[in-house]
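Dumped data_19.csv below, it's CSV, N, CA and C atoms:
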```csv
chain,number,residue,atom,x,y,z
S,18,MET,N,-5.9,10.7,19.1
S,18,MET,CA,-6.1,9.9,17.9
S,18,MET,C,-6.4,10.8,16.7
S,19,ARG,N,-5.8,10.6,15.6
S,19,ARG,CA,-6.1,11.4,14.4
S,19,ARG,C,-7.3,10.9,13.7
S,20,SER,N,-8.0,11.8,13.1
S,20,SER,CA,-9.2,11.4,12.3
S,20,SER,C,-8.6,11.0,11.0
S,21,ARG,N,-9.5,10.3,10.2
S,21,ARG,CA,-9.1,9.9,8.8
S,21,ARG,C,-8.6,11.2,8.0
S,22,ASN,N,-9.3,12.3,8.2
S,22,ASN,CA,-8.9,13.5,7.5
S,22,ASN,C,-7.6,13.9,8.0
S,23,GLY,N,-7.3,13.8,9.3
S,23,GLY,CA,-6.1,14.2,9.9
S,23,GLY,C,-4.9,13.3,9.3
S,24,TYR,N,-5.2,12.0,9.2
S,24,TYR,CA,-4.2,11.1,8.6
S,24,TYR,C,-3.9,11.5,7.2
S,25,GLU,N,-4.9,11.8,6.4
S,25,GLU,CA,-4.7,12.2,5.0
S,25,GLU,C,-3.9,13.5,4.9
S,26,GLN,N,-4.2,14.4,5.8
S,26,GLN,CA,-3.4,15.7,5.8
S,26,GLN,C,-2.0,15.4,6.2
S,27,TRP,N,-1.7,14.5,7.2
S,27,TRP,CA,-0.4,14.2,7.6
S,27,TRP,C,0.3,13.4,6.5
S,28,ALA,N,-0.3,12.5,5.8
S,28,ALA,CA,0.3,11.6,4.8
S,28,ALA,C,0.5,12.3,3.5
S,29,GLY,N,-0.4,13.3,3.2
S,29,GLY,CA,-0.4,13.9,1.9
S,29,GLY,C,-0.5,12.9,0.8
S,30,ASP,N,0.2,13.2,-0.3
S,30,ASP,CA,0.2,12.2,-1.4
S,30,ASP,C,1.3,11.2,-1.2
S,31,GLY,N,2.1,11.4,-0.2
S,31,GLY,CA,3.1,10.4,0.1
S,31,GLY,C,4.3,10.3,-0.8
S,32,ALA,N,4.4,11.3,-1.7
S,32,ALA,CA,5.4,11.2,-2.7
S,32,ALA,C,6.8,11.1,-2.2
S,33,GLY,N,7.2,12.0,-1.2
S,33,GLY,CA,8.5,11.9,-0.6
S,33,GLY,C,8.8,10.7,0.1
S,34,LEU,N,7.8,10.2,0.9
S,34,LEU,CA,8.0,9.0,1.7
S,34,LEU,C,8.1,7.8,0.7
S,35,ILE,N,7.3,7.7,-0.3
S,35,ILE,CA,7.4,6.6,-1.2
S,35,ILE,C,8.7,6.6,-2.0
S,36,ALA,N,9.1,7.7,-2.4
S,36,ALA,CA,10.4,7.8,-3.1
S,36,ALA,C,11.6,7.3,-2.2
S,37,GLY,N,11.5,7.7,-1.0
S,37,GLY,CA,12.5,7.2,0.0
S,37,GLY,C,12.5,5.7,0.1
S,38,HIS,N,11.3,5.1,0.2
S,38,HIS,CA,11.3,3.6,0.3
S,38,HIS,C,11.9,3.0,-1.0
S,39,LEU,N,11.5,3.5,-2.2
S,39,LEU,CA,12.0,2.9,-3.4
S,39,LEU,C,13.5,3.0,-3.5
S,40,GLU,N,14.1,4.1,-3.0
S,40,GLU,CA,15.5,4.2,-3.1
S,40,GLU,C,16.2,3.1,-2.3
S,41,LEU,N,15.6,2.6,-1.3
S,41,LEU,CA,16.2,1.5,-0.5
S,41,LEU,C,16.1,0.1,-1.1
S,42,LEU,N,15.3,0.0,-2.2
S,42,LEU,CA,15.2,-1.3,-2.8
S,42,LEU,C,16.0,-1.5,-4.0
S,43,PRO,N,16.4,-2.7,-4.3
S,43,PRO,CA,17.1,-2.9,-5.6
S,43,PRO,C,16.0,-2.8,-6.7
S,44,PRO,N,16.4,-2.9,-8.0
S,44,PRO,CA,15.4,-2.8,-9.1
S,44,PRO,C,14.4,-3.9,-8.8
S,45,VAL,N,13.1,-3.6,-9.0
S,45,VAL,CA,12.0,-4.5,-8.7
S,45,VAL,C,11.4,-5.1,-9.9
S,46,ALA,N,11.7,-4.6,-11.1
S,46,ALA,CA,11.1,-5.2,-12.3
S,46,ALA,C,11.2,-6.7,-12.4
S,47,GLY,N,10.1,-7.4,-12.6
S,47,GLY,CA,10.1,-8.8,-12.7
S,47,GLY,C,10.0,-9.5,-11.4
S,48,SER,N,10.0,-8.8,-10.3
S,48,SER,CA,9.8,-9.4,-9.0
S,48,SER,C,8.4,-9.5,-8.6
S,49,ARG,N,8.1,-10.4,-7.7
S,49,ARG,CA,6.7,-10.5,-7.0
S,49,ARG,C,6.9,-9.9,-5.6
S,50,ILE,N,6.2,-8.9,-5.3
S,50,ILE,CA,6.4,-8.2,-4.0
S,50,ILE,C,5.1,-8.1,-3.2
S,51,LEU,N,5.2,-8.4,-1.9
S,51,LEU,CA,4.0,-8.3,-1.0
S,51,LEU,C,4.2,-7.0,-0.2
S,52,ASP,N,3.3,-6.1,-0.3
S,52,ASP,CA,3.4,-4.8,0.4
S,52,ASP,C,2.5,-5.0,1.6
S,53,VAL,N,3.1,-5.3,2.8
S,53,VAL,CA,2.3,-5.6,4.0
S,53,VAL,C,2.0,-4.2,4.6
S,54,ALA,N,0.7,-4.1,5.1
S,54,ALA,CA,0.2,-2.9,5.6
S,54,ALA,C,0.2,-1.8,4.5
S,55,CYS,N,-0.3,-2.2,3.4
S,55,CYS,CA,-0.3,-1.3,2.2
S,55,CYS,C,-1.1,0.0,2.3
S,56,GLY,N,-2.0,0.0,3.3
S,56,GLY,CA,-2.8,1.2,3.4
S,56,GLY,C,-3.6,1.6,2.2
S,57,GLN,N,-3.4,2.8,1.7
S,57,GLN,CA,-4.0,3.3,0.5
S,57,GLN,C,-3.4,2.9,-0.8
S,58,GLY,N,-2.4,2.1,-0.7
S,58,GLY,CA,-1.8,1.5,-1.9
S,58,GLY,C,-0.8,2.3,-2.6
S,59,ARG,N,-0.3,3.4,-2.0
S,59,ARG,CA,0.6,4.3,-2.7
S,59,ARG,C,1.9,3.6,-3.2
S,60,LEU,N,2.5,2.9,-2.2
S,60,LEU,CA,3.8,2.2,-2.5
S,60,LEU,C,3.5,1.0,-3.5
S,61,THR,N,2.4,0.3,-3.2
S,61,THR,CA,2.0,-0.8,-4.1
S,61,THR,C,1.9,-0.4,-5.5
S,62,ARG,N,1.2,0.7,-5.8
S,62,ARG,CA,1.1,1.2,-7.2
S,62,ARG,C,2.5,1.6,-7.7
S,63,ARG,N,3.3,2.2,-7.0
S,63,ARG,CA,4.7,2.6,-7.5
S,63,ARG,C,5.5,1.3,-7.8
S,64,LEU,N,5.4,0.3,-7.0
S,64,LEU,CA,6.1,-0.9,-7.2
S,64,LEU,C,5.6,-1.5,-8.5
S,65,ALA,N,4.3,-1.5,-8.7
S,65,ALA,CA,3.7,-2.1,-10.0
S,65,ALA,C,4.2,-1.3,-11.2
S,66,ARG,N,4.2,0.0,-11.1
S,66,ARG,CA,4.6,0.9,-12.2
S,66,ARG,C,6.1,0.7,-12.5
S,67,ALA,N,6.9,0.2,-11.5
S,67,ALA,CA,8.3,0.0,-11.7
S,67,ALA,C,8.5,-1.4,-12.2
S,68,GLY,N,7.5,-2.2,-12.5
S,68,GLY,CA,7.6,-3.5,-13.2
S,68,GLY,C,7.4,-4.7,-12.3
S,69,ALA,N,7.1,-4.5,-11.0
S,69,ALA,CA,6.9,-5.6,-10.1
S,69,ALA,C,5.5,-6.1,-10.2
S,70,THR,N,5.3,-7.4,-9.9
S,70,THR,CA,4.0,-7.9,-9.7
S,70,THR,C,3.7,-7.7,-8.2
S,71,ALA,N,2.8,-6.8,-7.9
S,71,ALA,CA,2.6,-6.3,-6.6
S,71,ALA,C,1.3,-6.8,-6.0
S,72,VAL,N,1.4,-7.2,-4.7
S,72,VAL,CA,0.2,-7.6,-3.9
S,72,VAL,C,0.2,-6.7,-2.7
S,73,GLY,N,-0.9,-6.0,-2.5
S,73,GLY,CA,-1.1,-5.2,-1.3
S,73,GLY,C,-1.9,-5.9,-0.3
S,74,LEU,N,-1.5,-5.9,1.0
S,74,LEU,CA,-2.2,-6.5,2.0
S,74,LEU,C,-2.4,-5.6,3.2
S,75,ASP,N,-3.6,-5.5,3.7
S,75,ASP,CA,-3.9,-4.6,4.8
S,75,ASP,C,-5.1,-5.2,5.6
S,76,LEU,N,-5.2,-4.9,6.8
S,76,LEU,CA,-6.3,-5.3,7.7
S,76,LEU,C,-7.5,-4.5,7.5
S,77,SER,N,-7.4,-3.2,7.1
S,77,SER,CA,-8.5,-2.3,7.1
S,77,SER,C,-9.2,-2.3,5.7
S,78,ALA,N,-10.4,-2.7,5.7
S,78,ALA,CA,-11.3,-2.7,4.5
S,78,ALA,C,-11.4,-1.3,3.9
S,79,ALA,N,-11.5,-0.3,4.8
S,79,ALA,CA,-11.6,1.1,4.3
S,79,ALA,C,-10.3,1.5,3.6
S,80,MET,N,-9.2,1.2,4.1
S,80,MET,CA,-7.9,1.5,3.4
S,80,MET,C,-7.8,0.8,2.1
S,81,LEU,N,-8.2,-0.5,2.1
S,81,LEU,CA,-8.2,-1.3,0.8
S,81,LEU,C,-9.1,-0.7,-0.2
S,82,ASP,N,-10.3,-0.2,0.2
S,82,ASP,CA,-11.2,0.5,-0.7
S,82,ASP,C,-10.5,1.7,-1.4
S,83,LYS,N,-9.7,2.4,-0.6
S,83,LYS,CA,-9.0,3.6,-1.1
S,83,LYS,C,-7.9,3.1,-2.1
S,84,ALA,N,-7.2,2.0,-1.7
S,84,ALA,CA,-6.2,1.5,-2.5
S,84,ALA,C,-6.7,1.0,-3.9
S,85,ARG,N,-7.9,0.3,-3.8
S,85,ARG,CA,-8.5,-0.2,-5.1
S,85,ARG,C,-9.0,1.0,-6.0
S,86,ALA,N,-9.3,2.1,-5.4
S,86,ALA,CA,-9.7,3.3,-6.2
S,86,ALA,C,-8.6,3.9,-6.9
S,87,GLY,N,-7.3,3.7,-6.5
S,87,GLY,CA,-6.2,4.2,-7.2
S,87,GLY,C,-6.0,3.5,-8.6
S,88,VAL,N,-5.6,4.3,-9.6
S,88,VAL,CA,-5.5,3.7,-10.9
S,88,VAL,C,-4.2,3.1,-11.2
S,89,CYS,N,-4.2,1.7,-11.3
S,89,CYS,CA,-3.1,1.0,-11.7
S,89,CYS,C,-3.5,-0.5,-11.9
S,90,GLU,N,-3.2,-1.0,-13.1
S,90,GLU,CA,-3.6,-2.3,-13.5
S,90,GLU,C,-2.8,-3.4,-12.8
S,91,GLY,N,-3.4,-4.5,-12.6
S,91,GLY,CA,-2.7,-5.7,-12.3
S,91,GLY,C,-2.3,-5.9,-10.8
S,92,ILE,N,-2.8,-5.1,-9.9
S,92,ILE,CA,-2.5,-5.2,-8.5
S,92,ILE,C,-3.6,-6.0,-7.8
S,93,GLU,N,-3.2,-6.9,-7.0
S,93,GLU,CA,-4.1,-7.7,-6.2
S,93,GLU,C,-4.1,-7.1,-4.8
S,94,TYR,N,-5.2,-6.8,-4.2
S,94,TYR,CA,-5.3,-6.3,-2.8
S,94,TYR,C,-6.0,-7.4,-2.0
S,95,VAL,N,-5.4,-7.7,-0.8
S,95,VAL,CA,-5.9,-8.7,0.0
S,95,VAL,C,-6.2,-8.2,1.4
S,96,ARG,N,-7.3,-8.5,2.0
S,96,ARG,CA,-7.6,-8.1,3.4
S,96,ARG,C,-7.2,-9.3,4.3
S,97,ALA,N,-6.2,-9.0,5.2
S,97,ALA,CA,-5.8,-10.1,6.1
S,97,ALA,C,-5.0,-9.5,7.2
S,98,ASP,N,-4.9,-10.2,8.3
S,98,ASP,CA,-4.2,-9.9,9.5
S,98,ASP,C,-2.9,-10.7,9.5
S,99,VAL,N,-1.8,-10.0,9.3
S,99,VAL,CA,-0.5,-10.8,9.2
S,99,VAL,C,-0.1,-11.3,10.5
S,100,THR,N,-0.7,-11.0,11.6
S,100,THR,CA,-0.3,-11.5,12.9
S,100,THR,C,-1.0,-12.9,13.2
S,101,ARG,N,-1.9,-13.3,12.3
S,101,ARG,CA,-2.7,-14.5,12.5
S,101,ARG,C,-2.5,-15.4,11.3
S,102,PRO,N,-2.4,-16.7,11.5
S,102,PRO,CA,-2.3,-17.7,10.4
S,102,PRO,C,-3.5,-17.7,9.6
S,103,PRO,N,-3.4,-17.9,8.3
S,103,PRO,CA,-4.6,-18.0,7.4
S,103,PRO,C,-5.5,-19.1,7.8
S,104,GLY,N,-6.8,-19.0,7.5
S,104,GLY,CA,-7.7,-20.1,7.8
S,104,GLY,C,-8.7,-19.8,8.8
```
Can you present the structure in this file as structure tokens?
Amino acid sequence: MRSRNGYEQWAGDGAGLIAGHLELLPPVAGSRILDVACGQGRLTRRLARAGATAVGLDLSAAMLDKARAGVCEGIEYVRADVTRPPG
């Protein structure tokens, strides 16, 4: 199992991975997008900067803390388990 530091070393800043994801999407400006398992919010922030209304969802409170620490206005982050119904 990788440590958090190991994860961060493996993931780096995620620039190449995020760019690859964005190339697969149509233009997102004006869309409302849910980023499931958003982790540190890298893709969520890029979606918001591209003009989407972005919501990042993750189960991990620690990852959401990191996501919220990233600088980008107007993103909502939600802690939830997508495998279970709300309530």
Just how far from atom C of Arg85 (chain S) is CA of Arg66 (chain S), in Å to one decimal?
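Taking CA of Arg66 (chain S) as the start and atom C of Arg85 (chain S) as the end point, the length is 14.9 Å.
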Pick the closest to Asp52 (chain S) from S:Asp98, S:Asp75, S:Asp82, S:Glu90: which is it, counting only C-alpha atoms?
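Answer, going by the shortest atom-to-atom distance: S:Asp75.
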At what distance in Å, to one decimal, does atom C of Arg59 (chain S) lie from atom N of Ala79 (chain S)?
16.1 Å
Using Å and a single decimal, report how far atom C of Val45 (chain S) sits from atom C of Arg96 (chain S).
23.8 Å
So, with only C-alpha atoms as the atoms that count, which of S:Val99, S:Ala84, S:Cys89, S:Leu39 lies closest to Gly58 (chain S)?
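Answer, going by the shortest atom-to-atom distance: S:Ala84.
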